[in-house]
$ cat target-v4.cif   # mmCIF, C-alpha atoms
data_structure
#
loop_
_atom_site.label_atom_id
_atom_site.label_comp_id
_atom_site.auth_asym_id
_atom_site.auth_seq_id
_atom_site.Cartn_x
_atom_site.Cartn_y
_atom_site.Cartn_z
CA MET J 1 0.00 0.00 0.00
CA THR J 2 1.34 3.38 -0.99
CA THR J 3 1.27 6.04 1.67
CA PRO J 4 1.40 9.80 1.06
CA SER J 5 4.85 9.98 2.62
CA THR J 6 6.14 7.28 0.25
CA THR J 7 4.71 9.11 -2.73
CA ALA J 8 6.31 12.40 -1.63
CA ALA J 9 9.65 10.70 -1.12
CA ALA J 10 9.46 9.13 -4.56
CA THR J 11 8.59 12.50 -6.09
CA ARG J 12 11.55 14.16 -4.39
CA THR J 13 13.85 11.35 -5.54
CA ALA J 14 12.64 11.65 -9.12
CA SER J 15 12.98 15.43 -9.13
CA ALA J 16 16.45 15.19 -7.57
CA SER J 17 17.56 12.67 -10.17
CA GLY J 18 16.09 14.85 -12.91
CA SER J 19 17.80 17.95 -11.62
CA GLY J 20 21.03 16.00 -11.22
CA ALA J 21 20.82 14.84 -14.82
CA GLU J 22 20.06 18.39 -15.93
CA GLN J 23 23.03 19.73 -13.97
CA ALA J 24 25.25 17.05 -15.46
CA LYS J 25 23.98 17.97 -18.92
CA LEU J 26 24.57 21.65 -18.25
CA SER J 27 27.99 21.02 -16.82
CA LEU J 28 28.91 18.98 -19.91
CA GLY J 29 27.68 21.78 -22.15
CA SER J 30 29.48 24.39 -20.13
CA ARG J 31 32.66 22.35 -20.30
CA ILE J 32 32.39 22.10 -24.08
CA ALA J 33 31.71 25.83 -24.35
CA ALA J 34 34.63 26.60 -22.07
CA ARG J 35 36.95 24.44 -24.10
CA ALA J 36 35.74 25.96 -27.37
CA GLY J 37 36.02 29.47 -25.93
CA GLY J 38 39.49 28.78 -24.61
CA GLY J 39 40.63 27.44 -27.97
CA VAL J 40 39.22 30.39 -29.86
CA MET J 41 40.74 32.82 -27.39
CA ARG J 42 44.10 31.08 -27.61
CA VAL J 43 44.09 31.31 -31.40
CA PHE J 44 43.05 34.96 -31.21
CA LEU J 45 45.87 35.80 -28.80
CA ILE J 46 48.39 34.00 -31.02
CA LEU J 47 47.21 36.01 -34.02
CA VAL J 48 47.45 39.25 -32.03
CA GLY J 49 50.98 38.32 -30.93
CA LEU J 50 52.04 37.58 -34.51
CA PHE J 51 50.51 40.83 -35.70
CA TRP J 52 52.40 42.71 -32.97
CA LEU J 53 55.66 41.02 -33.95
CA MET J 54 55.17 41.56 -37.69
CA PRO J 55 57.12 44.88 -37.84
CA THR J 56 59.98 43.28 -35.94
CA ILE J 57 60.00 40.26 -38.25
CA GLY J 58 59.84 42.52 -41.29
CA LEU J 59 62.76 44.62 -40.05
CA LEU J 60 64.78 41.49 -39.31
CA LEU J 61 64.22 40.10 -42.79
CA SER J 62 64.95 43.48 -44.36
CA SER J 63 68.23 43.67 -42.46
CA LEU J 64 69.23 40.38 -44.07
CA ARG J 65 68.65 41.62 -47.65
CA SER J 66 70.75 43.80 -49.90
CA GLY J 67 69.89 47.45 -50.52
CA GLU J 68 68.88 46.78 -54.12
CA GLU J 69 66.48 44.02 -53.12
CA ILE J 70 64.97 46.16 -50.35
CA ALA J 71 64.34 48.99 -52.82
CA ALA J 72 62.87 46.66 -55.45
CA THR J 73 60.53 44.38 -53.44
CA GLY J 74 59.01 43.97 -50.00
CA TRP J 75 60.46 41.88 -47.20
CA TRP J 76 57.81 39.15 -47.70
CA LYS J 77 59.54 38.15 -50.95
CA VAL J 78 62.04 36.33 -48.76
CA PHE J 79 59.57 33.47 -48.35
CA THR J 80 59.60 32.82 -52.12
CA ALA J 81 63.30 33.59 -52.60
CA PRO J 82 65.20 32.68 -49.41
CA SER J 83 68.51 32.99 -51.25
CA GLN J 84 68.25 36.76 -50.67
CA LEU J 85 69.18 36.32 -47.03
CA THR J 86 72.73 37.33 -46.19
CA PHE J 87 74.72 38.61 -43.22
CA ASP J 88 76.73 41.09 -45.27
CA ASN J 89 74.71 44.01 -43.89
CA TYR J 90 75.74 43.16 -40.35
CA SER J 91 79.36 42.97 -41.45
CA ARG J 92 79.05 46.49 -42.85
CA LEU J 93 77.34 47.56 -39.66
CA LEU J 94 80.27 46.36 -37.54
CA ASP J 95 82.61 48.23 -39.87
CA ASN J 96 80.62 51.44 -39.43
CA SER J 97 82.34 53.19 -36.54
CA THR J 98 79.52 55.71 -36.13
CA ILE J 99 76.94 53.01 -35.38
CA THR J 100 79.17 50.93 -33.11
CA HIS J 101 80.25 53.97 -31.07
CA SER J 102 76.65 55.11 -30.84
CA LEU J 103 75.63 51.78 -29.36
CA LEU J 104 78.32 52.15 -26.71
CA SER J 105 77.20 55.72 -26.01
CA THR J 106 73.60 54.56 -25.66
CA VAL J 107 74.62 51.95 -23.10
CA MET J 108 76.70 54.50 -21.19
CA ILE J 109 73.65 56.78 -21.01
CA THR J 110 70.89 54.24 -20.42
CA VAL J 111 72.44 52.11 -17.68
CA PRO J 112 73.42 54.96 -15.30
CA ALA J 113 70.14 56.82 -15.91
CA THR J 114 68.18 53.66 -15.10
CA VAL J 115 70.22 52.72 -12.03
CA LEU J 116 70.11 56.24 -10.58
CA VAL J 117 66.34 56.51 -11.02
CA VAL J 118 65.76 53.10 -9.42
CA VAL J 119 68.06 53.73 -6.45
CA ILE J 120 67.03 57.32 -5.71
CA GLY J 121 63.36 56.57 -6.41
CA SER J 122 63.43 53.59 -4.05
CA LEU J 123 64.99 55.61 -1.22
CA ALA J 124 62.62 58.52 -1.71
CA GLY J 125 59.61 56.23 -2.05
CA TYR J 126 60.44 54.53 1.24
CA ALA J 127 60.93 57.88 2.95
CA PHE J 128 57.59 59.21 1.74
CA ALA J 129 55.83 55.98 2.71
CA TRP J 130 57.24 55.18 6.17
CA MET J 131 59.32 58.03 7.52
CA ASP J 132 57.97 61.12 9.28
CA PHE J 133 59.59 64.45 8.44
CA PRO J 134 58.30 68.02 8.25
CA GLY J 135 56.18 68.75 5.20
CA ARG J 136 56.17 65.16 3.95
CA ASP J 137 52.71 65.35 2.38
CA TRP J 138 53.38 68.72 0.77
CA TRP J 139 56.65 67.49 -0.72
CA PHE J 140 54.88 64.44 -2.10
CA LEU J 141 52.21 66.65 -3.67
CA LEU J 142 55.03 68.60 -5.31
CA VAL J 143 56.43 65.36 -6.72
CA VAL J 144 52.99 64.41 -8.06
CA GLY J 145 52.69 67.85 -9.64
CA LEU J 146 55.99 67.36 -11.46
CA LEU J 147 54.46 64.39 -13.29
CA VAL J 148 52.48 66.71 -15.52
CA VAL J 149 55.47 68.85 -16.54
CA PRO J 150 56.32 67.99 -20.18
CA VAL J 151 59.91 67.52 -21.25
CA GLN J 152 59.58 70.15 -23.98
CA VAL J 153 58.97 72.91 -21.42
CA ALA J 154 62.38 72.36 -19.80
CA LEU J 155 64.51 72.05 -22.94
CA ILE J 156 65.46 75.73 -23.31
CA PRO J 157 66.02 76.63 -19.62
CA VAL J 158 67.89 73.41 -18.91
CA SER J 159 70.03 73.96 -22.02
CA LYS J 160 71.01 77.40 -20.73
CA LEU J 161 71.73 76.00 -17.27
CA PHE J 162 73.85 73.15 -18.63
CA GLY J 163 75.73 75.61 -20.84
CA GLU J 164 76.55 77.83 -17.88
CA ILE J 165 77.87 74.98 -15.74
CA GLY J 166 79.71 73.33 -18.65
CA ILE J 167 77.84 70.04 -19.08
CA PHE J 168 75.95 70.86 -22.28
CA GLU J 169 76.53 68.26 -25.05
CA THR J 170 78.03 65.77 -22.62
CA THR J 171 77.04 62.28 -21.61
CA PHE J 172 76.72 63.37 -18.01
CA GLY J 173 74.24 66.07 -19.01
CA VAL J 174 72.00 63.55 -20.80
CA ILE J 175 72.13 61.20 -17.81
CA LEU J 176 71.28 64.04 -15.44
CA PHE J 177 68.33 65.15 -17.58
CA HIS J 178 66.86 61.63 -17.85
CA THR J 179 67.36 61.06 -14.12
CA ALA J 180 65.63 64.28 -13.16
CA PHE J 181 62.61 63.65 -15.35
CA GLY J 182 62.37 59.98 -14.42
CA LEU J 183 62.36 60.52 -10.66
CA PRO J 184 58.81 61.94 -10.20
CA PHE J 185 57.19 58.87 -11.72
CA ALA J 186 59.60 56.56 -9.88
CA ILE J 187 58.88 58.15 -6.49
CA PHE J 188 55.13 58.17 -7.11
CA LEU J 189 55.09 54.51 -8.17
CA LEU J 190 57.33 53.14 -5.43
CA ARG J 191 55.84 55.24 -2.64
CA ASN J 192 52.37 53.85 -3.39
CA PHE J 193 53.76 50.31 -3.59
CA PHE J 194 55.79 50.55 -0.38
CA ALA J 195 52.83 52.05 1.48
CA GLU J 196 50.92 48.80 0.99
CA ILE J 197 53.48 46.78 2.99
CA PRO J 198 51.88 45.68 6.29
CA ARG J 199 52.87 47.98 9.13
CA GLU J 200 53.08 45.01 11.49
CA LEU J 201 55.91 43.55 9.42
CA LEU J 202 57.96 46.72 9.70
CA GLU J 203 57.25 47.11 13.41
CA ALA J 204 58.33 43.51 14.02
CA ALA J 205 61.59 44.21 12.24
CA ARG J 206 62.12 47.35 14.34
CA LEU J 207 61.49 45.38 17.52
CA ASP J 208 64.22 42.99 16.41
CA GLY J 209 66.62 45.92 16.34
CA ALA J 210 66.59 46.74 12.62
CA GLY J 211 67.40 50.34 11.74
CA GLU J 212 66.03 52.25 8.80
CA ILE J 213 68.83 51.20 6.45
CA ARG J 214 68.60 47.55 7.41
CA LEU J 215 64.81 47.71 7.25
CA PHE J 216 64.99 49.18 3.77
CA THR J 217 67.53 46.73 2.39
CA ARG J 218 66.33 43.53 4.09
CA VAL J 219 62.53 43.97 4.18
CA VAL J 220 61.28 46.68 1.85
CA MET J 221 63.53 46.07 -1.16
CA PRO J 222 62.81 42.30 -1.42
CA LEU J 223 59.07 42.90 -1.09
CA GLY J 224 59.21 45.72 -3.64
CA GLY J 225 61.13 43.69 -6.20
CA PRO J 226 58.30 43.44 -8.76
CA ALA J 227 57.58 47.18 -8.65
CA ILE J 228 61.28 48.03 -8.86
CA ALA J 229 61.70 45.70 -11.85
CA SER J 230 58.74 47.30 -13.59
CA LEU J 231 60.19 50.75 -12.98
CA GLY J 232 63.58 49.67 -14.28
CA ILE J 233 62.03 48.32 -17.50
CA PHE J 234 60.03 51.49 -18.08
CA GLN J 235 63.02 53.74 -17.48
CA PHE J 236 65.35 51.62 -19.61
CA LEU J 237 62.96 51.61 -22.57
CA TRP J 238 62.29 55.34 -22.28
CA VAL J 239 65.96 56.32 -22.18
CA TRP J 240 67.08 53.82 -24.82
CA ASN J 241 64.43 54.89 -27.34
CA ASP J 242 64.71 58.62 -26.62
CA MET J 243 65.73 60.88 -29.47
CA LEU J 244 64.62 64.39 -28.51
CA VAL J 245 66.78 64.76 -25.39
CA ALA J 246 69.72 63.00 -27.03
CA LEU J 247 69.48 65.20 -30.12
CA ILE J 248 69.75 68.36 -28.00
CA PHE J 249 71.98 67.45 -25.05
CA ALA J 250 74.21 64.61 -26.29
CA ASP J 251 77.71 65.06 -27.63
CA SER J 252 77.60 65.40 -31.41
CA ASP J 253 80.83 63.40 -31.70
CA SER J 254 79.40 60.39 -29.82
CA PRO J 255 75.60 60.45 -30.21
CA PRO J 256 73.27 57.67 -29.07
CA ILE J 257 71.95 55.13 -31.54
CA THR J 258 68.71 57.00 -32.27
CA VAL J 259 70.57 60.15 -33.29
CA ALA J 260 73.21 58.19 -35.19
CA LEU J 261 70.57 56.45 -37.30
CA GLN J 262 68.90 59.78 -38.00
CA GLN J 263 72.23 61.21 -39.14
CA GLN J 264 72.74 58.24 -41.44
CA VAL J 265 69.42 58.99 -43.12
CA ARG J 266 70.35 62.65 -43.52
CA GLN J 267 73.83 62.02 -44.90
CA PHE J 268 73.20 58.87 -46.96
CA GLY J 269 69.65 58.71 -48.24
CA ASN J 270 70.04 55.25 -49.79
CA ASN J 271 72.12 53.72 -47.00
CA ILE J 272 69.37 51.23 -46.16
CA ASP J 273 71.77 48.29 -45.91
CA VAL J 274 73.23 49.93 -42.76
CA LEU J 275 70.04 51.50 -41.45
CA ALA J 276 68.03 48.26 -41.42
CA PRO J 277 70.45 46.16 -39.31
CA GLY J 278 71.22 49.18 -37.11
CA ALA J 279 67.52 49.77 -36.43
CA PHE J 280 67.00 46.09 -35.68
CA VAL J 281 69.90 45.97 -33.24
CA SER J 282 68.67 49.12 -31.50
CA MET J 283 65.21 47.54 -31.17
CA VAL J 284 66.14 43.99 -30.22
CA ILE J 285 68.18 45.02 -27.16
CA PRO J 286 65.25 46.61 -25.28
CA LEU J 287 63.06 43.69 -26.38
CA ALA J 288 65.59 41.28 -24.87
CA VAL J 289 65.59 43.28 -21.62
CA PHE J 290 61.80 43.23 -21.50
CA PHE J 291 61.50 39.50 -22.09
CA ALA J 292 64.28 38.79 -19.59
CA PHE J 293 62.34 40.57 -16.83
CA GLN J 294 58.80 39.90 -18.02
CA ARG J 295 57.88 37.82 -14.96
CA GLN J 296 58.87 40.59 -12.58
CA PHE J 297 57.12 43.12 -14.80
CA VAL J 298 53.86 41.17 -14.83
CA SER J 299 54.10 40.59 -11.07
CA GLY J 300 54.56 44.29 -10.46
CA VAL J 301 51.68 45.27 -12.73
CA MET J 302 49.34 42.67 -11.18
CA ALA J 303 50.34 43.66 -7.66
CA GLY J 304 49.65 47.29 -8.44
CA ALA J 305 46.27 46.38 -9.97
CA VAL J 306 45.23 44.28 -6.96
CA LYS J 307 46.33 46.91 -4.49
#
$ encode --input "target-v4.cif" --output "structure tokens"
Amino acid sequence: MTTPSTTAAATRTASASGSGAEQAKLSLGSRIAARAGGGVMRVFLILVGLFWLMPTIGLLLSSLRSGEEIAATGWWKVFTAPSQLTFDNYSRLLDNSTITHSLLSTVMITVPATVLVVVIGSLAGYAFAWMDFPGRDWWFLLVVGLLVVPVQVALIPVSKLFGEIGIFETTFGVILFHTAFGLPFAIFLLRNFFAEIPRELLEAARLDGAGEIRLFTRVVMPLGGPAIASLGIFQFLWVWNDMLVALIFADSDSPPITVALQQQVRQFGNNIDVLAPGAFVSMVIPLAVFFAFQRQFVSGVMAGAVK
């Protein structure tokens, strides 16, 4: 004999089994959609990456062709005539003293300007974040205000100042200019990053007898590694690819690579067999730096986004 309770239990069991089957069906469909969406997205990202790398690939292939072939056809003709590829252009590039010296000058400008900005910006960022001194907030507002000052505004007055103190058209003058204009962003970035470090961690280190210098080097710097790496990449790319400041303040006898390539265009209009490999070398070095520190860069960007 069937009782009402038995009937209700059977109904609940049937509905539960039906809902379970429906959930299983939905989960299977959702899994298929997720896999299809992931595959489509992966293909899309690969296509975007190839499209982004296309100018670099084109410049690389052009640097491996002769000047006559570059003037006659596009770089994609290499795929139908691979015999065009040759390393003679790079041999001429190494024999071009202007380009080789400009690469050395670029390194001598970029490395000190990047190191100085990272070191001074880290110290100032820590001071603004965790040290008390008179007018700290007002000084930080001044630093933030300097972010909106364009480089072009300072070219004429700084040129006069550098001329009076005797560092105009010198490597030191270019380094000093890049350092001065890179510090506001560096201080702003690192101060905001260091301020997110838990106060309890710093107080525990102080209770253990750590002074400010030890606290900065042993606690703050390791925790701020991603942000410091991101800052270093930004500063390196900005200084390496700069042409305006180098064109005005650099020594005309030993210009950076950007100015040297521009001078090659002005003096030798058809000197493409030197310009192509020189442009590729000047571009591949910052790309190598970026890919070498991409993990730290992504970690710094994600940490800043989460915070």
$ residues_around --input "target-v4.cif" --residues "Ser66 of chain J" --least-positions-apart "4" --cutoff "9 Å" --atoms "all atoms listed in the file" --output "ChimeraX atom specification"
/J:62,70-71,84-86,88-89,272-273
$ resolve_selection --input "target-v4.cif" --expression "the PyMOL selection byres ((chain J and resi 175) around 8)" --output "VMD selection string"
chain J and resid 109 to 110 112 to 113 171 to 174 176 to 179
$ residues_around --input "target-v4.cif" --residues "Val284 of chain J" --least-positions-apart "3" --cutoff "12 Å" --atoms "only C-alpha atoms" --output "list in words"
Leu53, Pro55, Thr56, Ile57, Leu59, Leu60, Leu237, Trp240, Asn241, Pro277, Gly278, Ala279, Phe280, Val281, Leu287, Ala288, Val289, Phe290, Phe291 and Ala292 of chain J
$ write_last_selection --input "target-v4.cif" --atoms "C-alpha atoms" --output "tab-separated table (two decimals), keeping the file's coordinate frame"
chain	number	residue	atom	x	y	z
J	53	LEU	CA	55.66	41.02	-33.95
J	55	PRO	CA	57.12	44.88	-37.84
J	56	THR	CA	59.98	43.28	-35.94
J	57	ILE	CA	60.00	40.26	-38.25
J	59	LEU	CA	62.76	44.62	-40.05
J	60	LEU	CA	64.78	41.49	-39.31
J	237	LEU	CA	62.96	51.61	-22.57
J	240	TRP	CA	67.08	53.82	-24.82
J	241	ASN	CA	64.43	54.89	-27.34
J	277	PRO	CA	70.45	46.16	-39.31
J	278	GLY	CA	71.22	49.18	-37.11
J	279	ALA	CA	67.52	49.77	-36.43
J	280	PHE	CA	67.00	46.09	-35.68
J	281	VAL	CA	69.90	45.97	-33.24
J	287	LEU	CA	63.06	43.69	-26.38
J	288	ALA	CA	65.59	41.28	-24.87
J	289	VAL	CA	65.59	43.28	-21.62
J	290	PHE	CA	61.80	43.23	-21.50
J	291	PHE	CA	61.50	39.50	-22.09
J	292	ALA	CA	64.28	38.79	-19.59
$ closest_residue --input "target-v4.cif" --among "J:Ser252, J:Ser122, J:Ser91, J:Thr170" --to "Ile187 of chain J" --atoms "only C-alpha atoms"
J:Ser122
$ closest_residue --input "target-v4.cif" --among "J:Ala260, J:Ala276, J:Leu202, J:Leu155" --to "Ser102 of chain J" --atoms "only C-alpha atoms"
J:Ala260
$ closest_residue --input "target-v4.cif" --among "J:Phe249, J:Phe44, J:Phe87, J:Phe185" --to "Val149 of chain J" --atoms "only C-alpha atoms"
J:Phe185
$ closest_residue --input "target-v4.cif" --among "J:Leu183, J:Met131, J:Leu275, J:Leu247" --to "Val119 of chain J" --atoms "all atoms listed in the file"
J:Leu183
$ residues_around --input "target-v4.cif" --residues "Arg206 of chain J" --least-positions-apart "5" --cutoff "12 Å" --atoms "all atoms listed in the file" --output "list of chain:residue names"
J:Arg199, J:Glu200, J:Leu201, J:Gly211, J:Glu212, J:Ile213, J:Arg214, J:Leu215, J:Phe216, J:Arg218, J:Val219
$ write_last_selection --input "target-v4.cif" --atoms "C-alpha atoms" --output "tab-separated table (two decimals), in the frame of the given file"
chain	number	residue	atom	x	y	z
J	199	ARG	CA	52.87	47.98	9.13
J	200	GLU	CA	53.08	45.01	11.49
J	201	LEU	CA	55.91	43.55	9.42
J	211	GLY	CA	67.40	50.34	11.74
J	212	GLU	CA	66.03	52.25	8.80
J	213	ILE	CA	68.83	51.20	6.45
J	214	ARG	CA	68.60	47.55	7.41
J	215	LEU	CA	64.81	47.71	7.25
J	216	PHE	CA	64.99	49.18	3.77
J	218	ARG	CA	66.33	43.53	4.09
J	219	VAL	CA	62.53	43.97	4.18
$ resolve_selection --input "target-v4.cif" --expression "the PyMOL selection byres ((chain J and resi 184) around 12)" --output "PyMOL selection string"
chain J and resi 117-118+120-122+124-125+139-150+178-183+185-191+231+235
$ atom_distance --input "target-v4.cif" --atom1 "atom CA of Ala227 of chain J" --atom2 "atom CA of Phe194 of chain J"
9.1 Å
$ atom_distance --input "target-v4.cif" --atom1 "atom CA of Thr106 of chain J" --atom2 "atom CA of Ile257 of chain J"
6.1 Å
$ atom_distance --input "target-v4.cif" --atom1 "atom CA of Met243 of chain J" --atom2 "atom CA of Gly166 of chain J"
21.6 Å
$ residues_near_point --input "target-v4.cif" --point "(72.6, 59.2, -34.8)" --cutoff "12 Å" --atoms "all atoms listed in the file" --output "PyMOL selection string"
chain J and resi 97-103+105-106+241-244+246-248+250-267+275+278-279+282
$ write_last_selection --input "target-v4.cif" --atoms "C-alpha atoms" --output "PDB file, in the coordinates of the input"
ATOM      1  CA  SER J  97      82.340  53.190 -36.540  1.00  0.00           C
ATOM      2  CA  THR J  98      79.520  55.710 -36.130  1.00  0.00           C
ATOM      3  CA  ILE J  99      76.940  53.010 -35.380  1.00  0.00           C
ATOM      4  CA  THR J 100      79.170  50.930 -33.110  1.00  0.00           C
ATOM      5  CA  HIS J 101      80.250  53.970 -31.070  1.00  0.00           C
ATOM      6  CA  SER J 102      76.650  55.110 -30.840  1.00  0.00           C
ATOM      7  CA  LEU J 103      75.630  51.780 -29.360  1.00  0.00           C
ATOM      8  CA  SER J 105      77.200  55.720 -26.010  1.00  0.00           C
ATOM      9  CA  THR J 106      73.600  54.560 -25.660  1.00  0.00           C
ATOM     10  CA  ASN J 241      64.430  54.890 -27.340  1.00  0.00           C
ATOM     11  CA  ASP J 242      64.710  58.620 -26.620  1.00  0.00           C
ATOM     12  CA  MET J 243      65.730  60.880 -29.470  1.00  0.00           C
ATOM     13  CA  LEU J 244      64.620  64.390 -28.510  1.00  0.00           C
ATOM     14  CA  ALA J 246      69.720  63.000 -27.030  1.00  0.00           C
ATOM     15  CA  LEU J 247      69.480  65.200 -30.120  1.00  0.00           C
ATOM     16  CA  ILE J 248      69.750  68.360 -28.000  1.00  0.00           C
ATOM     17  CA  ALA J 250      74.210  64.610 -26.290  1.00  0.00           C
ATOM     18  CA  ASP J 251      77.710  65.060 -27.630  1.00  0.00           C
ATOM     19  CA  SER J 252      77.600  65.400 -31.410  1.00  0.00           C
ATOM     20  CA  ASP J 253      80.830  63.400 -31.700  1.00  0.00           C
ATOM     21  CA  SER J 254      79.400  60.390 -29.820  1.00  0.00           C
ATOM     22  CA  PRO J 255      75.600  60.450 -30.210  1.00  0.00           C
ATOM     23  CA  PRO J 256      73.270  57.670 -29.070  1.00  0.00           C
ATOM     24  CA  ILE J 257      71.950  55.130 -31.540  1.00  0.00           C
ATOM     25  CA  THR J 258      68.710  57.000 -32.270  1.00  0.00           C
ATOM     26  CA  VAL J 259      70.570  60.150 -33.290  1.00  0.00           C
ATOM     27  CA  ALA J 260      73.210  58.190 -35.190  1.00  0.00           C
ATOM     28  CA  LEU J 261      70.570  56.450 -37.300  1.00  0.00           C
ATOM     29  CA  GLN J 262      68.900  59.780 -38.000  1.00  0.00           C
ATOM     30  CA  GLN J 263      72.230  61.210 -39.140  1.00  0.00           C
ATOM     31  CA  GLN J 264      72.740  58.240 -41.440  1.00  0.00           C
ATOM     32  CA  VAL J 265      69.420  58.990 -43.120  1.00  0.00           C
ATOM     33  CA  ARG J 266      70.350  62.650 -43.520  1.00  0.00           C
ATOM     34  CA  GLN J 267      73.830  62.020 -44.900  1.00  0.00           C
ATOM     35  CA  LEU J 275      70.040  51.500 -41.450  1.00  0.00           C
ATOM     36  CA  GLY J 278      71.220  49.180 -37.110  1.00  0.00           C
ATOM     37  CA  ALA J 279      67.520  49.770 -36.430  1.00  0.00           C
ATOM     38  CA  SER J 282      68.670  49.120 -31.500  1.00  0.00           C
TER      39      SER J 282
END
